[in-house]
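Asks: If you scroll down you'll find the structure; I have some questions about it.
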Amino acid sequence: MITVYKREMNAYFYSPVAYSIIAVFMVLVGLFFWVYNLLYASTDFSRALSMTSTYLTFIMPILTMKLLSDERRNGTEVLLRTSPVPMWKVVLGKYFASLTLYAIMLALTAIYPILMTFMTDDGVPTAKTFGGYVAFFLLGATYLAISLFASSFTESQVVAAISGIVVLLVLYYMQSIGASIGGKFGAVLQWLSPLRRYSDFSLGGFNFASLFFYVSFSAMMVFFTILNVERRRWQ
Amino acid sequence: MIEIRNLTKKYGQFMALDDVSFDVKKGEILGFLGPNGAGKSTTMNILTGYIPCTSGTVKVGGYEIMEEPAKVKRQIGYLPELPPLYMDMTVDEYLKFMFEMKKVPLARRKAQMDDILYLVKIGDIKKRLIKNLSKGYKQRVGFAQALVGNPPVLVLDEPTVGLDPGQIVEIRKLISSLRHDHTIILSTHILSEVSAVCSSVVMINHGRIAASGSVSDFTASEGSVNKFLISVVGNKNTIQKVISDVNGVRNVTFLRVDKDASIFSVESGKGVDIRRPLFNELARASLPIIELKPEGRSLEEIFIDIVNNDKNGESSRYAADAKEGRK
């Protein structure tokens with residue numbers, strides 16, 4: 001698992017993908033920092049993060065698009081499948097690599113709240129900022145797992161990215177869709193929306209049930225990815 | 001070393017492999033022959049654990065592939081038709097990655113790495129990106145990958161396809177040099193490759209075994225006769241008469257005239273060597289022999305015969321599809 005993880009980390013930084021994604025991400029965060037913190041003169045960084053979280057819908061599938069599809073296209077899948085390492089370890093290694101890249105991106109943004117502590121006398125609201133980061137990380141981790149699952153269906157990176165984005169967009173509007181349908185089914189859809197629980201953390205609180213929701217949602221998606229990869233072998 | 005029993009693989013209604021069984025003994029180089037689409041790659045993919053079979057068993061070193069896949073996979077080095085390379089890695093990064101994937105003990109990696117780089121002759125390109133290598137070098141890096149972990153069994157799927165003649169000779173030399181401590185299955189449709197390196201042959205056609213045996217069994221002349229081709233300078237009819245009078249000759253057939261020589265096919269009973277009396281009699285008649293060579297069947301001829309004889313197999317293989325439609 002660590003072998004695959006290391007390879008994927010190297011692959012990220014050998015290609016321009018990681019750098020350009022990080023750049024785009026930093027521009028977005030910087031933009032919202034400027035609008036919500038500097039223009040409104042607020043020390044609450046979680047607002048800027050929460051605005052950025054919308055764009056994770058597009059960024060996360062790009063991080064995962066080549067992880068599984070490229071192995072199929074290049075024929076290197078044979079290598080993985082005929083090595084003594086079981087496929088579930090391969091998939092986990094890949095997921096954790098994308099998660100690490102995401103954590104690195106997120107860590108880079110810490111420069112803004114740190115800057116603000118020097119700019120104000122009142123200081124930065126610690127619980128809210130920290131909660132904002134936890135919420136942002138959990139949401140991103142779930143999105144990564146979902147887009148990894150999407151990339152396990154195809155050998156084309158483009159298809160992987162687009163299908164990931166479509167699924168995430170549907171999830172993004174899940175709450176409104178659920179609300180407009182109403183009834184029990186609508187309630188289930190709303191319950192499934194990963195965004196609904198975002199504010200459980202970003203307002204400075206901590207909700208164990210929501211933490212469990214994000215972690216188990218991600219775990220389930222990674223599990224489905226493994227199943228899908230294994231299933232294809234039998235076709 | 002390798003035991004394949006009643007192997008069957010279906011893709012929908014299509015029988016890719018139909019009841020294939022064969023053994024490969026330790027230290028043997030088995031040539032795995034067949035036309036395109038015969039099921040060679042499918043067999044190799046099952047043997048290496050890449051895809052599962054529909055039914056049947058594959059045992060490598062006593063372990064069954066479906067029951068103990070990790071143990072089987074550790075014993076096999078596999079070079080698929082398309083070398084499975086990560087284009088964004090350098091050669092040594094890639095091989096290090098493979099050492100880790102195959103869980104080779106740390107202490108052995110350095111020495112083995114040097115051995116492999118030397119054997120496959122890629123030492124001078126180890127710092128280069130795989131993406132930028134020529135096809136020949138890519139093939140060698142793929143070969144190097146199969147050698148990682150020094151597996152006792154090597155499965156090579158058309159290892160010389162697309163290489164230039166010099167490279168082909170080198171790869172063949174490499175395969176021959178590995179024969180001492182490896183069991184090798186070599187799939188190919190280049191028949192001279194089989195005669196060059198293999199000790200035994202399995203021919204597969206339409207998913208079934210069409211023939212198998214040692215290379216010499218295959219190429220030995222058929223039935224109870226020895227056949228020679230002989231070219232002699234002189235009068236055609238005189239030559240024919242002289243040859244037919246030689247003791248032990250059963251049949252002489254005139255084939256054609258080549259410049260001033262006439263070419264005949266001469267048959268004798270098995271176990272009778274007619275070459276010396278043939279020479280003596282023709283010399284006595286002052287008819288010089290230009291060429292004399294045994295006429296065994298080439299692997300090509302046998303191959304084409306088998307493929308043609310098995311045409312009926314094709315209709316039965318698709319019969320189910322015609323009724324039910326292919327999936």
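Every chain in the structure tokens takes a letter, A first, then B, and so on in the order presented; its residues are numbered from 1, and the ligands are numbered from 1 following the presented order.
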Using only C-alpha atoms, determine which residues of chain A fall within 8 Å of chain B; present them as a PyMOL selection string.

Replies: chain A and resi 3+7+11+14-15+74-79+81-86+233-235

Asks: Using the selection just defined, write its residues with N, CA and C atoms as a PDB file, in the first residue's frame.

Replies:
```pdb
ATOM      1  N   THR A   3       3.868   1.451  -1.053  1.00  0.00           N
ATOM      2  CA  THR A   3       4.546   1.527  -2.351  1.00  0.00           C
ATOM      3  C   THR A   3       3.701   2.294  -3.365  1.00  0.00           C
ATOM      4  N   ARG A   7       4.331   6.012  -5.020  1.00  0.00           N
ATOM      5  CA  ARG A   7       4.353   6.209  -6.457  1.00  0.00           C
ATOM      6  C   ARG A   7       3.397   7.309  -6.890  1.00  0.00           C
ATOM      7  N   ALA A  11       4.102  10.784  -8.681  1.00  0.00           N
ATOM      8  CA  ALA A  11       3.472  11.058  -9.970  1.00  0.00           C
ATOM      9  C   ALA A  11       2.782  12.420  -9.943  1.00  0.00           C
ATOM     10  N   TYR A  14       5.544  15.000 -10.243  1.00  0.00           N
ATOM     11  CA  TYR A  14       6.297  14.974 -11.493  1.00  0.00           C
ATOM     12  C   TYR A  14       5.525  15.656 -12.606  1.00  0.00           C
ATOM     13  N   SER A  15       4.216  15.600 -12.509  1.00  0.00           N
ATOM     14  CA  SER A  15       3.403  16.164 -13.583  1.00  0.00           C
ATOM     15  C   SER A  15       2.963  17.564 -13.156  1.00  0.00           C
ATOM     16  N   ASN A  74      -2.860   2.594 -19.827  1.00  0.00           N
ATOM     17  CA  ASN A  74      -1.451   2.297 -20.101  1.00  0.00           C
ATOM     18  C   ASN A  74      -1.127   0.813 -20.041  1.00  0.00           C
ATOM     19  N   GLY A  75      -2.083   0.002 -19.612  1.00  0.00           N
ATOM     20  CA  GLY A  75      -1.804  -1.422 -19.490  1.00  0.00           C
ATOM     21  C   GLY A  75      -1.025  -1.773 -18.233  1.00  0.00           C
ATOM     22  N   THR A  76      -0.819  -0.802 -17.347  1.00  0.00           N
ATOM     23  CA  THR A  76      -0.079  -1.092 -16.121  1.00  0.00           C
ATOM     24  C   THR A  76      -0.959  -1.773 -15.084  1.00  0.00           C
ATOM     25  N   GLU A  77      -2.260  -1.840 -15.387  1.00  0.00           N
ATOM     26  CA  GLU A  77      -3.156  -2.543 -14.475  1.00  0.00           C
ATOM     27  C   GLU A  77      -2.704  -4.007 -14.321  1.00  0.00           C
ATOM     28  N   VAL A  78      -2.196  -4.573 -15.424  1.00  0.00           N
ATOM     29  CA  VAL A  78      -1.704  -5.955 -15.396  1.00  0.00           C
ATOM     30  C   VAL A  78      -0.657  -6.117 -14.299  1.00  0.00           C
ATOM     31  N   LEU A  79       0.205  -5.121 -14.213  1.00  0.00           N
ATOM     32  CA  LEU A  79       1.281  -5.139 -13.242  1.00  0.00           C
ATOM     33  C   LEU A  79       0.735  -5.218 -11.825  1.00  0.00           C
ATOM     34  N   ARG A  81      -2.316  -6.127 -10.906  1.00  0.00           N
ATOM     35  CA  ARG A  81      -3.122  -7.322 -10.661  1.00  0.00           C
ATOM     36  C   ARG A  81      -2.290  -8.592 -10.573  1.00  0.00           C
ATOM     37  N   THR A  82      -1.148  -8.610 -11.254  1.00  0.00           N
ATOM     38  CA  THR A  82      -0.343  -9.824 -11.198  1.00  0.00           C
ATOM     39  C   THR A  82       0.740  -9.736 -10.125  1.00  0.00           C
ATOM     40  N   SER A  83       0.778  -8.641  -9.378  1.00  0.00           N
ATOM     41  CA  SER A  83       1.721  -8.555  -8.267  1.00  0.00           C
ATOM     42  C   SER A  83       1.050  -9.144  -7.020  1.00  0.00           C
ATOM     43  N   PRO A  84       1.851  -9.549  -6.035  1.00  0.00           N
ATOM     44  CA  PRO A  84       1.247 -10.179  -4.857  1.00  0.00           C
ATOM     45  C   PRO A  84       0.441  -9.202  -3.988  1.00  0.00           C
ATOM     46  N   VAL A  85       0.478  -7.914  -4.311  1.00  0.00           N
ATOM     47  CA  VAL A  85      -0.252  -6.940  -3.506  1.00  0.00           C
ATOM     48  C   VAL A  85      -1.740  -6.984  -3.888  1.00  0.00           C
ATOM     49  N   PRO A  86      -2.631  -7.205  -2.911  1.00  0.00           N
ATOM     50  CA  PRO A  86      -4.051  -7.258  -3.272  1.00  0.00           C
ATOM     51  C   PRO A  86      -4.585  -5.899  -3.702  1.00  0.00           C
ATOM     52  N   ARG A 233     -12.576  -7.507 -13.000  1.00  0.00           N
ATOM     53  CA  ARG A 233     -11.690  -8.614 -13.282  1.00  0.00           C
ATOM     54  C   ARG A 233     -12.494  -9.860 -13.685  1.00  0.00           C
ATOM     55  N   TRP A 234     -13.685  -9.985 -13.183  1.00  0.00           N
ATOM     56  CA  TRP A 234     -14.480 -11.190 -13.425  1.00  0.00           C
ATOM     57  C   TRP A 234     -15.274 -11.126 -14.708  1.00  0.00           C
ATOM     58  N   GLN A 235     -15.278  -9.979 -15.357  1.00  0.00           N
ATOM     59  CA  GLN A 235     -16.106  -9.874 -16.559  1.00  0.00           C
ATOM     60  C   GLN A 235     -15.492 -10.594 -17.746  1.00  0.00           C
TER      61      GLN A 235
END
```

Asks: Might you pull out every residue within 10 Å of Thr64 of chain A, with only C-alpha atoms counted and same-chain residues fewer than 2 positions away left off, and present them as an mmCIF file with C-alpha atoms, in the first residue's frame?

Replies:
```cif
data_model
loop_
_atom_site.group_PDB
_atom_site.id
_atom_site.type_symbol
_atom_site.label_atom_id
_atom_site.label_comp_id
_atom_site.auth_asym_id
_atom_site.auth_seq_id
_atom_site.Cartn_x
_atom_site.Cartn_y
_atom_site.Cartn_z
ATOM 1 C CA ILE A 59 -11.175 20.348 -8.130
ATOM 2 C CA MET A 60 -11.499 16.959 -6.457
ATOM 3 C CA PRO A 61 -12.403 14.955 -9.599
ATOM 4 C CA ILE A 62 -9.326 16.409 -11.306
ATOM 5 C CA LYS A 66 -6.001 9.571 -13.511
ATOM 6 C CA LEU A 67 -5.543 7.381 -10.446
ATOM 7 C CA LEU A 68 -7.419 4.352 -11.768
ATOM 8 C CA SER A 69 -8.250 5.208 -15.365
ATOM 9 C CA LYS A 94 -4.171 5.766 -4.266
ATOM 10 C CA TYR A 95 -6.906 7.271 -2.138
ATOM 11 C CA ALA A 97 -2.168 9.823 -1.927
ATOM 12 C CA SER A 98 -4.941 12.070 -3.200
ATOM 13 C CA LEU A 99 -5.947 12.818 0.383
ATOM 14 C CA TYR A 143 -15.582 14.218 -2.516
ATOM 15 C CA LEU A 144 -12.260 12.523 -3.256
ATOM 16 C CA ALA A 145 -13.698 9.116 -2.415
ATOM 17 C CA ILE A 146 -16.713 9.761 -4.631
ATOM 18 C CA SER A 147 -14.623 10.910 -7.577
ATOM 19 C CA LEU A 148 -12.232 7.997 -7.133
ATOM 20 C CA PHE A 149 -15.230 5.721 -7.446
ATOM 21 C CA ALA A 150 -16.235 7.541 -10.633
ATOM 22 C CA SER A 151 -12.733 7.064 -12.062
ATOM 23 C CA SER A 152 -12.947 3.301 -11.516
ATOM 24 C CA GLN A 157 -9.295 10.589 -17.614
ATOM 25 C CA ALA A 160 -13.544 10.116 -15.108
ATOM 26 C CA ALA A 161 -13.297 13.821 -14.316
ATOM 27 C CA GLY A 164 -17.028 12.843 -10.979
#
```

Asks: Tell me, as a ChimeraX atom specification, which residues lie within 9 Å of segment 183-196 of chain B, counting only C-alpha atoms; anything in the same chain fewer than 4 positions away does not count.

Replies: /B:1-2,24-36,40-41,44,152-161,172,175-176,178-179,200-201,215-216,299-300,303

Asks: What does the structure give for the distance between atom CA of Glu8 of chain A and atom CA of Val215 of chain A, in Å to one decimal?

Replies: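 Distance between the two atoms: 22.2 Å.
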
Asks: Which residues come within 12 Å of segment 30-43 of chain A, counting only C-alpha atoms, excluding same-chain residues fewer than 3 positions away, as a JSON list (two decimals) with N, CA and C atoms, in the first residue's frame?

Replies:
```json
[["chain", "number", "residue", "atom", "x", "y", "z"],
["A", 22, "ILE", "N", -2.96, 23.20, -7.23],
["A", 22, "ILE", "CA", -2.65, 23.97, -6.03],
["A", 22, "ILE", "C", -2.74, 25.47, -6.34],
["A", 23, "ALA", "N", -2.23, 25.86, -7.51],
["A", 23, "ALA", "CA", -2.25, 27.27, -7.87],
["A", 23, "ALA", "C", -3.69, 27.78, -7.98],
["A", 24, "VAL", "N", -4.52, 27.04, -8.71],
["A", 24, "VAL", "CA", -5.91, 27.45, -8.87],
["A", 24, "VAL", "C", -6.59, 27.55, -7.50],
["A", 25, "PHE", "N", -6.34, 26.55, -6.69],
["A", 25, "PHE", "CA", -6.95, 26.50, -5.37],
["A", 25, "PHE", "C", -6.53, 27.71, -4.52],
["A", 26, "MET", "N", -5.23, 28.02, -4.57],
["A", 26, "MET", "CA", -4.74, 29.14, -3.77],
["A", 26, "MET", "C", -5.31, 30.46, -4.27],
["A", 27, "VAL", "N", -5.48, 30.56, -5.58],
["A", 27, "VAL", "CA", -6.08, 31.79, -6.13],
["A", 27, "VAL", "C", -7.51, 31.94, -5.61],
["A", 46, "SER", "N", -13.44, 30.95, 8.28],
["A", 46, "SER", "CA", -14.28, 29.83, 7.86],
["A", 46, "SER", "C", -15.27, 30.25, 6.75],
["A", 47, "ARG", "N", -15.60, 31.54, 6.70],
["A", 47, "ARG", "CA", -16.47, 32.02, 5.61],
["A", 47, "ARG", "C", -15.78, 31.85, 4.26],
["A", 48, "ALA", "N", -14.53, 32.27, 4.22],
["A", 48, "ALA", "CA", -13.78, 32.15, 2.96],
["A", 48, "ALA", "C", -13.66, 30.69, 2.55],
["A", 49, "LEU", "N", -13.40, 29.82, 3.55],
["A", 49, "LEU", "CA", -13.28, 28.39, 3.25],
["A", 49, "LEU", "C", -14.60, 27.85, 2.72],
["A", 50, "SER", "N", -15.67, 28.25, 3.38],
["A", 50, "SER", "CA", -16.96, 27.70, 2.99],
["A", 50, "SER", "C", -17.34, 28.15, 1.58],
["A", 51, "MET", "N", -16.93, 29.36, 1.19],
["A", 51, "MET", "CA", -17.16, 29.79, -0.20],
["A", 51, "MET", "C", -16.32, 28.93, -1.16],
["A", 52, "THR", "N", -15.06, 28.65, -0.76],
["A", 52, "THR", "CA", -14.19, 27.85, -1.62],
["A", 52, "THR", "C", -14.72, 26.43, -1.78],
["A", 53, "SER", "N", -15.40, 25.94, -0.75],
["A", 53, "SER", "CA", -15.82, 24.53, -0.76],
["A", 53, "SER", "C", -16.71, 24.21, -1.97],
["A", 54, "THR", "N", -17.43, 25.22, -2.46],
["A", 54, "THR", "CA", -18.25, 25.00, -3.66],
["A", 54, "THR", "C", -17.40, 24.49, -4.82],
["A", 55, "TYR", "N", -16.18, 25.03, -4.90],
["A", 55, "TYR", "CA", -15.33, 24.72, -6.06],
["A", 55, "TYR", "C", -14.63, 23.38, -5.92],
["A", 108, "LEU", "N", -1.48, 24.83, 3.08],
["A", 108, "LEU", "CA", -0.91, 26.06, 2.51],
["A", 108, "LEU", "C", -1.80, 27.27, 2.81],
["A", 109, "THR", "N", -3.11, 27.03, 2.88],
["A", 109, "THR", "CA", -4.02, 28.16, 3.09],
["A", 109, "THR", "C", -3.95, 28.69, 4.53],
["A", 110, "ALA", "N", -3.30, 27.93, 5.41],
["A", 110, "ALA", "CA", -3.22, 28.36, 6.82],
["A", 110, "ALA", "C", -2.50, 29.69, 6.94],
["A", 111, "ILE", "N", -1.80, 30.06, 5.87],
["A", 111, "ILE", "CA", -1.09, 31.34, 5.89],
["A", 111, "ILE", "C", -2.05, 32.51, 6.14],
["A", 112, "TYR", "N", -3.29, 32.40, 5.65],
["A", 112, "TYR", "CA", -4.25, 33.52, 5.80],
["A", 112, "TYR", "C", -4.67, 33.75, 7.25],
["A", 113, "PRO", "N", -5.19, 32.72, 7.94],
["A", 113, "PRO", "CA", -5.53, 32.96, 9.35],
["A", 113, "PRO", "C", -4.31, 33.35, 10.19],
["A", 114, "ILE", "N", -3.13, 32.79, 9.82],
["A", 114, "ILE", "CA", -1.93, 33.15, 10.60],
["A", 114, "ILE", "C", -1.61, 34.63, 10.37],
["A", 115, "LEU", "N", -1.73, 35.07, 9.10],
["A", 115, "LEU", "CA", -1.51, 36.48, 8.79],
["A", 115, "LEU", "C", -2.44, 37.37, 9.61],
["A", 116, "MET", "N", -3.71, 36.92, 9.71],
["A", 116, "MET", "CA", -4.72, 37.76, 10.39],
["A", 116, "MET", "C", -4.42, 37.96, 11.86],
["A", 117, "THR", "N", -3.77, 36.94, 12.46],
["A", 117, "THR", "CA", -3.47, 37.11, 13.89],
["A", 117, "THR", "C", -2.52, 38.28, 14.11],
["A", 118, "PHE", "N", -1.74, 38.60, 13.08],
["A", 118, "PHE", "CA", -0.85, 39.75, 13.22],
["A", 118, "PHE", "C", -1.56, 41.06, 12.87],
["A", 119, "MET", "N", -2.68, 40.94, 12.12],
["A", 119, "MET", "CA", -3.33, 42.15, 11.62],
["A", 119, "MET", "C", -4.36, 42.72, 12.59],
["A", 120, "THR", "N", -4.82, 41.89, 13.54],
["A", 120, "THR", "CA", -5.87, 42.37, 14.44],
["A", 120, "THR", "C", -5.40, 42.32, 15.88],
["A", 121, "ASP", "N", -6.11, 43.08, 16.70],
["A", 121, "ASP", "CA", -5.80, 43.05, 18.13],
["A", 121, "ASP", "C", -6.64, 42.00, 18.83],
["A", 122, "ASP", "N", -7.86, 41.75, 18.26],
["A", 122, "ASP", "CA", -8.79, 40.83, 18.94],
["A", 122, "ASP", "C", -8.41, 39.37, 18.74],
["A", 123, "GLY", "N", -7.58, 39.13, 17.74],
["A", 123, "GLY", "CA", -7.23, 37.74, 17.44],
["A", 123, "GLY", "C", -8.27, 37.08, 16.55],
["A", 124, "VAL", "N", -7.94, 35.86, 16.11],
["A", 124, "VAL", "CA", -8.80, 35.11, 15.20],
["A", 124, "VAL", "C", -9.66, 34.14, 16.02],
["A", 125, "PRO", "N", -10.96, 34.01, 15.71],
["A", 125, "PRO", "CA", -11.79, 33.04, 16.46],
["A", 125, "PRO", "C", -11.30, 31.61, 16.22],
["A", 126, "THR", "N", -10.64, 31.06, 17.22],
["A", 126, "THR", "CA", -9.95, 29.78, 17.04],
["A", 126, "THR", "C", -10.91, 28.64, 16.71],
["A", 128, "LYS", "N", -13.91, 28.57, 15.49],
["A", 128, "LYS", "CA", -14.55, 28.69, 14.18],
["A", 128, "LYS", "C", -13.57, 28.39, 13.05],
["A", 129, "THR", "N", -12.37, 28.92, 13.17],
["A", 129, "THR", "CA", -11.38, 28.69, 12.13],
["A", 129, "THR", "C", -11.02, 27.21, 12.07]]
```

Asks: Could you please determine the separation between atom CA of Val266 of chain B and atom CA of Val307 of chain B in Å, to one decimal place?

Replies: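 Separation of atom CA of Val266 of chain B and atom CA of Val307 of chain B: 28.1 Å.
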